[in-house]
Amino acid sequence: MNHTLPVLRYQFHELEPVISQRTLEFHYGKHHQTYVNNLNQLIVGTRFEHADLLTIIKEADGSIFNNGAQVWNHTFYFEAFSPTPQSKPTGKLLTLIEQQYNTFEQFIDQFNQKAITLFGSGWAWLVQTQRGELDIVQTSNAGNPIRDGLHPLLTCDVWEHAYYLDYQNRRAEYVQKFWNIVDWKIVENRLL
Ligand code: MN
């Protein structure tokens with residue numbers, strides 16, 4: 001299977017000032033593209049040569065897992081953004097958030113804490129458990145919660161390459177501004 005870079009629904013400059021055009025040129029154009037290229041090369045002659053990305057995430061190890069999961073994680077991350085986002089969750093998702101975290105604001109605080117305190121490179125995730133409840137989890141490096149039987153709804157990339165050009169060492173500021181471009185309509189559509 002030939003894995004490809006997803007087409008973004010926005011132009012590189014349209015997420016400014018949260019994420020700059022220059023960051024997207026590198027993050028999507030170079031980092032994400034390199035994971036795609038690496039994966040396509042690594043799978044040749046292996047049992048994953050014709051596997052879809054979900055199978056690779058669930059079953060592969062080592063470099064094939066790392067590159068495959070990074071392709072999936074970045075596609076999932078970039079897909080949740082919009083220059084004109086629905087700024088708050090509604091309906092079933094809002095109900096779930098209020099059941100689990102009391103208020104939307106408290107949910108944001110807890111997610112930010114998970115994203116800010118993750119040591120080193122990785123991802124913070126809003127997920128749904130198999131029972132349908134919400135949870136916030138961290139994964140290191142290329143880790144993906146699907147591997148643990150969880151259903152991802154939203155992710156924040158906290159590898160330095162995601163924010164360093166715009167925020168340098170200020171990860172907390174990047175995480176706080178991240179919410180300005182998250183489109184909750186897209187997140188709602190990901191519910192189980
Ligand atoms: Mn990244």
# chains A, B, ... in the order shown; residues from 1 in each chain; ligands from 1
$ residues_around --residues "Val7 in chain A" --least-positions-apart "4" --cutoff "10 Å" --atoms "only C-alpha atoms" --output "list in words"
Thr75, Phe78 and Glu79 of chain A
$ residues_near_ligand --ligand "ligand 1" --cutoff "9 Å" --atoms "only C-alpha atoms and all ligand atoms" --output "number ranges by chain"
A: 27-28, 31-32, 70, 73-74, 77, 122-123, 157-163
$ write_last_selection --atoms "N, CA and C atoms" --output "short mmCIF file (atom, residue, chain, number, x, y, z; two decimals), in the first residue's frame"
data_model
loop_
_atom_site.label_atom_id
_atom_site.label_comp_id
_atom_site.auth_asym_id
_atom_site.auth_seq_id
_atom_site.Cartn_x
_atom_site.Cartn_y
_atom_site.Cartn_z
N HIS A 27 6.49 21.28 9.56
CA HIS A 27 5.85 20.20 10.31
C HIS A 27 5.07 19.26 9.39
N TYR A 28 4.27 19.86 8.52
CA TYR A 28 3.50 19.06 7.55
C TYR A 28 4.37 18.73 6.33
N HIS A 31 8.37 17.14 8.16
CA HIS A 31 8.29 16.05 9.15
C HIS A 31 7.25 15.00 8.76
N HIS A 32 6.02 15.44 8.53
CA HIS A 32 4.95 14.49 8.20
C HIS A 32 5.29 13.76 6.89
N GLN A 70 3.35 7.72 13.45
CA GLN A 70 3.56 9.17 13.26
C GLN A 70 2.78 9.68 12.04
N ASN A 73 -0.85 9.81 13.49
CA ASN A 73 -0.99 10.83 14.52
C ASN A 73 -1.01 12.23 13.92
N HIS A 74 -0.10 12.48 12.96
CA HIS A 74 -0.06 13.81 12.36
C HIS A 74 -1.28 14.09 11.50
N TYR A 77 -3.98 14.93 13.91
CA TYR A 77 -3.71 16.26 14.50
C TYR A 77 -4.10 17.37 13.52
N GLY A 122 6.12 13.64 22.54
CA GLY A 122 4.96 12.77 22.58
C GLY A 122 3.69 13.52 22.25
N TRP A 123 2.58 12.95 22.70
CA TRP A 123 1.25 13.43 22.34
C TRP A 123 0.33 13.39 23.54
N ASP A 157 0.10 17.58 19.53
CA ASP A 157 1.49 17.17 19.31
C ASP A 157 2.37 18.05 20.19
N VAL A 158 3.08 17.44 21.14
CA VAL A 158 3.99 18.24 21.96
C VAL A 158 5.46 17.90 21.71
N TRP A 159 5.74 17.29 20.55
CA TRP A 159 7.14 17.23 20.11
C TRP A 159 7.59 18.69 19.90
N GLU A 160 8.84 18.98 20.19
CA GLU A 160 9.29 20.38 20.02
C GLU A 160 9.10 20.88 18.59
N HIS A 161 9.21 19.99 17.60
CA HIS A 161 9.09 20.47 16.22
C HIS A 161 7.70 21.05 15.94
N ALA A 162 6.71 20.75 16.79
CA ALA A 162 5.35 21.26 16.59
C ALA A 162 5.23 22.73 16.97
N TYR A 163 6.12 23.21 17.86
CA TYR A 163 5.93 24.57 18.37
C TYR A 163 7.19 25.40 18.47
#
$ residues_around --residues "range 37-49 of chain A" --least-positions-apart "4" --cutoff "12 Å" --atoms "only C-alpha atoms" --output "PyMOL selection string"
chain A and resi 1-5+29-33+53-72
$ select_by_dssp --residues "range 52-186 of chain A" --states "alpha helix (DSSP H)" --output "PyMOL selection string"
chain A and resi 53-59+62-79+91-101+104-117+164-167+171-178+184-186
$ residues_around --residues "Leu94 in chain A" --least-positions-apart "5" --cutoff "9 Å" --atoms "only C-alpha atoms" --output "list of chain:residue names"
A:Lys88, A:Pro89, A:Gln99, A:Thr103, A:Phe104, A:Glu188
$ write_last_selection --atoms "N, CA and C atoms" --output "JSON list (two decimals), in the first residue's frame"
[["chain", "number", "residue", "atom", "x", "y", "z"],
["A", 88, "LYS", "N", -16.53, 25.65, 20.71],
["A", 88, "LYS", "CA", -16.85, 24.85, 21.90],
["A", 88, "LYS", "C", -17.62, 23.60, 21.49],
["A", 89, "PRO", "N", -17.46, 22.53, 22.30],
["A", 89, "PRO", "CA", -18.24, 21.32, 22.01],
["A", 89, "PRO", "C", -19.72, 21.53, 22.30],
["A", 99, "GLN", "N", -19.99, 15.46, 32.28],
["A", 99, "GLN", "CA", -20.10, 14.31, 33.17],
["A", 99, "GLN", "C", -18.73, 13.97, 33.78],
["A", 103, "THR", "N", -16.92, 20.92, 34.12],
["A", 103, "THR", "CA", -17.13, 22.00, 33.16],
["A", 103, "THR", "C", -16.13, 21.87, 32.01],
["A", 104, "PHE", "N", -16.44, 22.53, 30.90],
["A", 104, "PHE", "CA", -15.54, 22.56, 29.75],
["A", 104, "PHE", "C", -14.19, 23.17, 30.16],
["A", 188, "GLU", "N", -16.45, 16.19, 17.49],
["A", 188, "GLU", "CA", -17.75, 15.56, 17.74],
["A", 188, "GLU", "C", -18.03, 14.43, 16.75]]
$ residues_around --residues "Leu191 in chain A" --least-positions-apart "5" --cutoff "8 Å" --atoms "only C-alpha atoms" --output "list in words"
Leu93, Gln128 and Leu153 of chain A
$ closest_residue --among "A:Tyr101, A:Leu192, A:Phe26, A:Tyr35" --to "Gln130 in chain A" --atoms "only C-alpha atoms"
A:Leu192
$ closest_residue --among "A:Thr155, A:Asn112, A:Ser121, A:Ser140" --to "Gln176 in chain A" --atoms "only C-alpha atoms"
A:Asn112
$ closest_residue --among "A:Thr34, A:Gln168, A:Phe81, A:Val182" --to "Arg9 in chain A" --atoms "only C-alpha atoms"
A:Phe81
$ atom_distance --atom1 "CA of Glu98 in chain A" --atom2 "CA of Glu133 in chain A"
11.2 Å
$ select_by_dssp --residues "range 115-152 of chain A" --states "strand (DSSP E)" --output "list in words"
Gly122, Trp123, Ala124, Trp125, Leu126, Val127, Gln128, Leu134, Asp135, Ile136, Val137, Gln138, Thr139, Ser140, His151 and Pro152 of chain A
$ decode --residues "range 14-143 of chain A" --atoms "C-alpha atoms" --output "PDB file, in the first residue's frame"
ATOM      1  CA  GLU A  14      -4.619  30.272   7.747  1.00  0.00           C
ATOM      2  CA  LEU A  15      -3.805  28.900  11.219  1.00  0.00           C
ATOM      3  CA  GLU A  16      -1.793  31.995  12.116  1.00  0.00           C
ATOM      4  CA  PRO A  17      -1.107  33.330  14.654  1.00  0.00           C
ATOM      5  CA  VAL A  18      -1.532  30.048  16.572  1.00  0.00           C
ATOM      6  CA  ILE A  19       0.601  28.009  14.153  1.00  0.00           C
ATOM      7  CA  SER A  20       2.682  29.914  11.607  1.00  0.00           C
ATOM      8  CA  GLN A  21       2.997  29.202   7.905  1.00  0.00           C
ATOM      9  CA  ARG A  22       6.678  28.440   8.503  1.00  0.00           C
ATOM     10  CA  THR A  23       5.859  25.829  11.165  1.00  0.00           C
ATOM     11  CA  LEU A  24       3.346  24.150   8.837  1.00  0.00           C
ATOM     12  CA  GLU A  25       5.877  24.189   5.980  1.00  0.00           C
ATOM     13  CA  PHE A  26       8.259  22.210   8.184  1.00  0.00           C
ATOM     14  CA  HIS A  27       5.849  20.201  10.314  1.00  0.00           C
ATOM     15  CA  TYR A  28       3.502  19.062   7.554  1.00  0.00           C
ATOM     16  CA  GLY A  29       5.736  19.602   4.524  1.00  0.00           C
ATOM     17  CA  LYS A  30       8.916  18.047   5.944  1.00  0.00           C
ATOM     18  CA  HIS A  31       8.293  16.047   9.147  1.00  0.00           C
ATOM     19  CA  HIS A  32       4.951  14.488   8.199  1.00  0.00           C
ATOM     20  CA  GLN A  33       6.127  13.914   4.618  1.00  0.00           C
ATOM     21  CA  THR A  34       9.294  12.208   5.872  1.00  0.00           C
ATOM     22  CA  TYR A  35       7.278   9.782   8.038  1.00  0.00           C
ATOM     23  CA  VAL A  36       5.191   8.934   4.947  1.00  0.00           C
ATOM     24  CA  ASN A  37       8.289   8.414   2.809  1.00  0.00           C
ATOM     25  CA  ASN A  38      10.053   6.344   5.475  1.00  0.00           C
ATOM     26  CA  LEU A  39       7.002   4.140   5.991  1.00  0.00           C
ATOM     27  CA  ASN A  40       6.616   3.466   2.271  1.00  0.00           C
ATOM     28  CA  GLN A  41      10.246   2.377   2.085  1.00  0.00           C
ATOM     29  CA  LEU A  42      10.252   0.331   5.307  1.00  0.00           C
ATOM     30  CA  ILE A  43       7.215  -1.826   4.485  1.00  0.00           C
ATOM     31  CA  VAL A  44       8.580  -3.150   1.188  1.00  0.00           C
ATOM     32  CA  GLY A  45       9.021  -6.910   1.443  1.00  0.00           C
ATOM     33  CA  THR A  46       7.442  -7.119   4.922  1.00  0.00           C
ATOM     34  CA  ARG A  47       4.037  -8.446   6.020  1.00  0.00           C
ATOM     35  CA  PHE A  48       2.898  -4.826   6.267  1.00  0.00           C
ATOM     36  CA  GLU A  49       3.545  -4.074   2.585  1.00  0.00           C
ATOM     37  CA  HIS A  50      -0.197  -4.133   1.805  1.00  0.00           C
ATOM     38  CA  ALA A  51      -1.524  -3.383   5.306  1.00  0.00           C
ATOM     39  CA  ASP A  52      -3.573  -0.309   6.111  1.00  0.00           C
ATOM     40  CA  LEU A  53      -2.339   2.197   8.668  1.00  0.00           C
ATOM     41  CA  LEU A  54      -4.583   0.956  11.493  1.00  0.00           C
ATOM     42  CA  THR A  55      -3.219  -2.574  11.134  1.00  0.00           C
ATOM     43  CA  ILE A  56       0.313  -1.180  11.251  1.00  0.00           C
ATOM     44  CA  ILE A  57      -0.480   0.784  14.438  1.00  0.00           C
ATOM     45  CA  LYS A  58      -2.014  -2.260  16.106  1.00  0.00           C
ATOM     46  CA  GLU A  59       0.514  -4.883  15.057  1.00  0.00           C
ATOM     47  CA  ALA A  60       3.862  -3.433  13.997  1.00  0.00           C
ATOM     48  CA  ASP A  61       6.902  -2.732  16.145  1.00  0.00           C
ATOM     49  CA  GLY A  62      10.125  -0.795  15.779  1.00  0.00           C
ATOM     50  CA  SER A  63      10.631   1.537  12.829  1.00  0.00           C
ATOM     51  CA  ILE A  64       7.505   0.460  10.971  1.00  0.00           C
ATOM     52  CA  PHE A  65       5.367   1.186  14.030  1.00  0.00           C
ATOM     53  CA  ASN A  66       7.151   4.478  14.718  1.00  0.00           C
ATOM     54  CA  ASN A  67       6.757   5.832  11.207  1.00  0.00           C
ATOM     55  CA  GLY A  68       3.258   4.402  10.667  1.00  0.00           C
ATOM     56  CA  ALA A  69       1.951   5.802  13.940  1.00  0.00           C
ATOM     57  CA  GLN A  70       3.560   9.165  13.258  1.00  0.00           C
ATOM     58  CA  VAL A  71       1.801   9.287   9.860  1.00  0.00           C
ATOM     59  CA  TRP A  72      -1.547   8.519  11.533  1.00  0.00           C
ATOM     60  CA  ASN A  73      -0.990  10.831  14.524  1.00  0.00           C
ATOM     61  CA  HIS A  74      -0.057  13.813  12.357  1.00  0.00           C
ATOM     62  CA  THR A  75      -2.966  13.289   9.969  1.00  0.00           C
ATOM     63  CA  PHE A  76      -5.308  13.142  12.983  1.00  0.00           C
ATOM     64  CA  TYR A  77      -3.713  16.263  14.503  1.00  0.00           C
ATOM     65  CA  PHE A  78      -3.832  18.387  11.341  1.00  0.00           C
ATOM     66  CA  GLU A  79      -7.382  17.264  10.478  1.00  0.00           C
ATOM     67  CA  ALA A  80      -8.850  18.739  13.678  1.00  0.00           C
ATOM     68  CA  PHE A  81      -7.861  22.329  12.836  1.00  0.00           C
ATOM     69  CA  SER A  82      -9.860  24.986  11.077  1.00  0.00           C
ATOM     70  CA  PRO A  83      -9.328  28.717  10.469  1.00  0.00           C
ATOM     71  CA  THR A  84     -13.021  29.152  11.373  1.00  0.00           C
ATOM     72  CA  PRO A  85     -13.530  26.510  14.081  1.00  0.00           C
ATOM     73  CA  GLN A  86     -16.589  25.677  16.129  1.00  0.00           C
ATOM     74  CA  SER A  87     -15.002  26.983  19.323  1.00  0.00           C
ATOM     75  CA  LYS A  88     -16.849  24.848  21.899  1.00  0.00           C
ATOM     76  CA  PRO A  89     -18.237  21.323  22.009  1.00  0.00           C
ATOM     77  CA  THR A  90     -22.000  20.856  21.864  1.00  0.00           C
ATOM     78  CA  GLY A  91     -24.513  18.018  22.164  1.00  0.00           C
ATOM     79  CA  LYS A  92     -23.347  14.562  23.196  1.00  0.00           C
ATOM     80  CA  LEU A  93     -19.685  15.548  23.451  1.00  0.00           C
ATOM     81  CA  LEU A  94     -20.425  18.474  25.760  1.00  0.00           C
ATOM     82  CA  THR A  95     -22.563  16.183  27.913  1.00  0.00           C
ATOM     83  CA  LEU A  96     -19.724  13.651  28.162  1.00  0.00           C
ATOM     84  CA  ILE A  97     -17.213  16.379  29.034  1.00  0.00           C
ATOM     85  CA  GLU A  98     -19.446  17.784  31.760  1.00  0.00           C
ATOM     86  CA  GLN A  99     -20.097  14.305  33.171  1.00  0.00           C
ATOM     87  CA  GLN A 100     -16.371  13.589  33.373  1.00  0.00           C
ATOM     88  CA  TYR A 101     -14.819  17.002  34.123  1.00  0.00           C
ATOM     89  CA  ASN A 102     -17.703  19.065  35.521  1.00  0.00           C
ATOM     90  CA  THR A 103     -17.131  21.998  33.157  1.00  0.00           C
ATOM     91  CA  PHE A 104     -15.537  22.560  29.748  1.00  0.00           C
ATOM     92  CA  GLU A 105     -13.022  24.909  31.406  1.00  0.00           C
ATOM     93  CA  GLN A 106     -11.975  22.206  33.882  1.00  0.00           C
ATOM     94  CA  PHE A 107     -11.556  19.765  31.023  1.00  0.00           C
ATOM     95  CA  ILE A 108      -9.277  22.255  29.230  1.00  0.00           C
ATOM     96  CA  ASP A 109      -7.202  22.684  32.399  1.00  0.00           C
ATOM     97  CA  GLN A 110      -6.744  18.942  32.820  1.00  0.00           C
ATOM     98  CA  PHE A 111      -5.858  18.414  29.155  1.00  0.00           C
ATOM     99  CA  ASN A 112      -3.351  21.285  29.290  1.00  0.00           C
ATOM    100  CA  GLN A 113      -1.731  19.754  32.372  1.00  0.00           C
ATOM    101  CA  LYS A 114      -1.294  16.425  30.574  1.00  0.00           C
ATOM    102  CA  ALA A 115       0.177  18.156  27.523  1.00  0.00           C
ATOM    103  CA  ILE A 116       2.493  20.427  29.489  1.00  0.00           C
ATOM    104  CA  THR A 117       3.806  17.776  31.894  1.00  0.00           C
ATOM    105  CA  LEU A 118       4.556  15.136  29.262  1.00  0.00           C
ATOM    106  CA  PHE A 119       8.324  14.607  29.546  1.00  0.00           C
ATOM    107  CA  GLY A 120      10.163  14.758  26.245  1.00  0.00           C
ATOM    108  CA  SER A 121       8.465  14.089  22.902  1.00  0.00           C
ATOM    109  CA  GLY A 122       4.957  12.768  22.579  1.00  0.00           C
ATOM    110  CA  TRP A 123       1.252  13.433  22.335  1.00  0.00           C
ATOM    111  CA  ALA A 124      -1.642  14.371  24.626  1.00  0.00           C
ATOM    112  CA  TRP A 125      -4.968  12.785  23.693  1.00  0.00           C
ATOM    113  CA  LEU A 126      -8.650  13.057  24.426  1.00  0.00           C
ATOM    114  CA  VAL A 127      -9.952   9.517  24.038  1.00  0.00           C
ATOM    115  CA  GLN A 128     -13.092   7.474  24.537  1.00  0.00           C
ATOM    116  CA  THR A 129     -12.811   4.244  26.475  1.00  0.00           C
ATOM    117  CA  GLN A 130     -14.524   1.064  25.343  1.00  0.00           C
ATOM    118  CA  ARG A 131     -17.321   1.934  27.793  1.00  0.00           C
ATOM    119  CA  GLY A 132     -17.791   5.258  25.980  1.00  0.00           C
ATOM    120  CA  GLU A 133     -16.382   7.461  28.745  1.00  0.00           C
ATOM    121  CA  LEU A 134     -13.825  10.205  28.140  1.00  0.00           C
ATOM    122  CA  ASP A 135     -10.229  10.138  29.308  1.00  0.00           C
ATOM    123  CA  ILE A 136      -7.081  12.198  28.759  1.00  0.00           C
ATOM    124  CA  VAL A 137      -3.888  10.238  28.173  1.00  0.00           C
ATOM    125  CA  GLN A 138      -0.268  10.851  27.238  1.00  0.00           C
ATOM    126  CA  THR A 139       1.813   8.827  24.818  1.00  0.00           C
ATOM    127  CA  SER A 140       5.576   9.087  24.360  1.00  0.00           C
ATOM    128  CA  ASN A 141       7.304   9.422  21.006  1.00  0.00           C
ATOM    129  CA  ALA A 142       5.077   7.839  18.323  1.00  0.00           C
ATOM    130  CA  GLY A 143       2.718   6.174  20.804  1.00  0.00           C
TER     131      GLY A 143
END
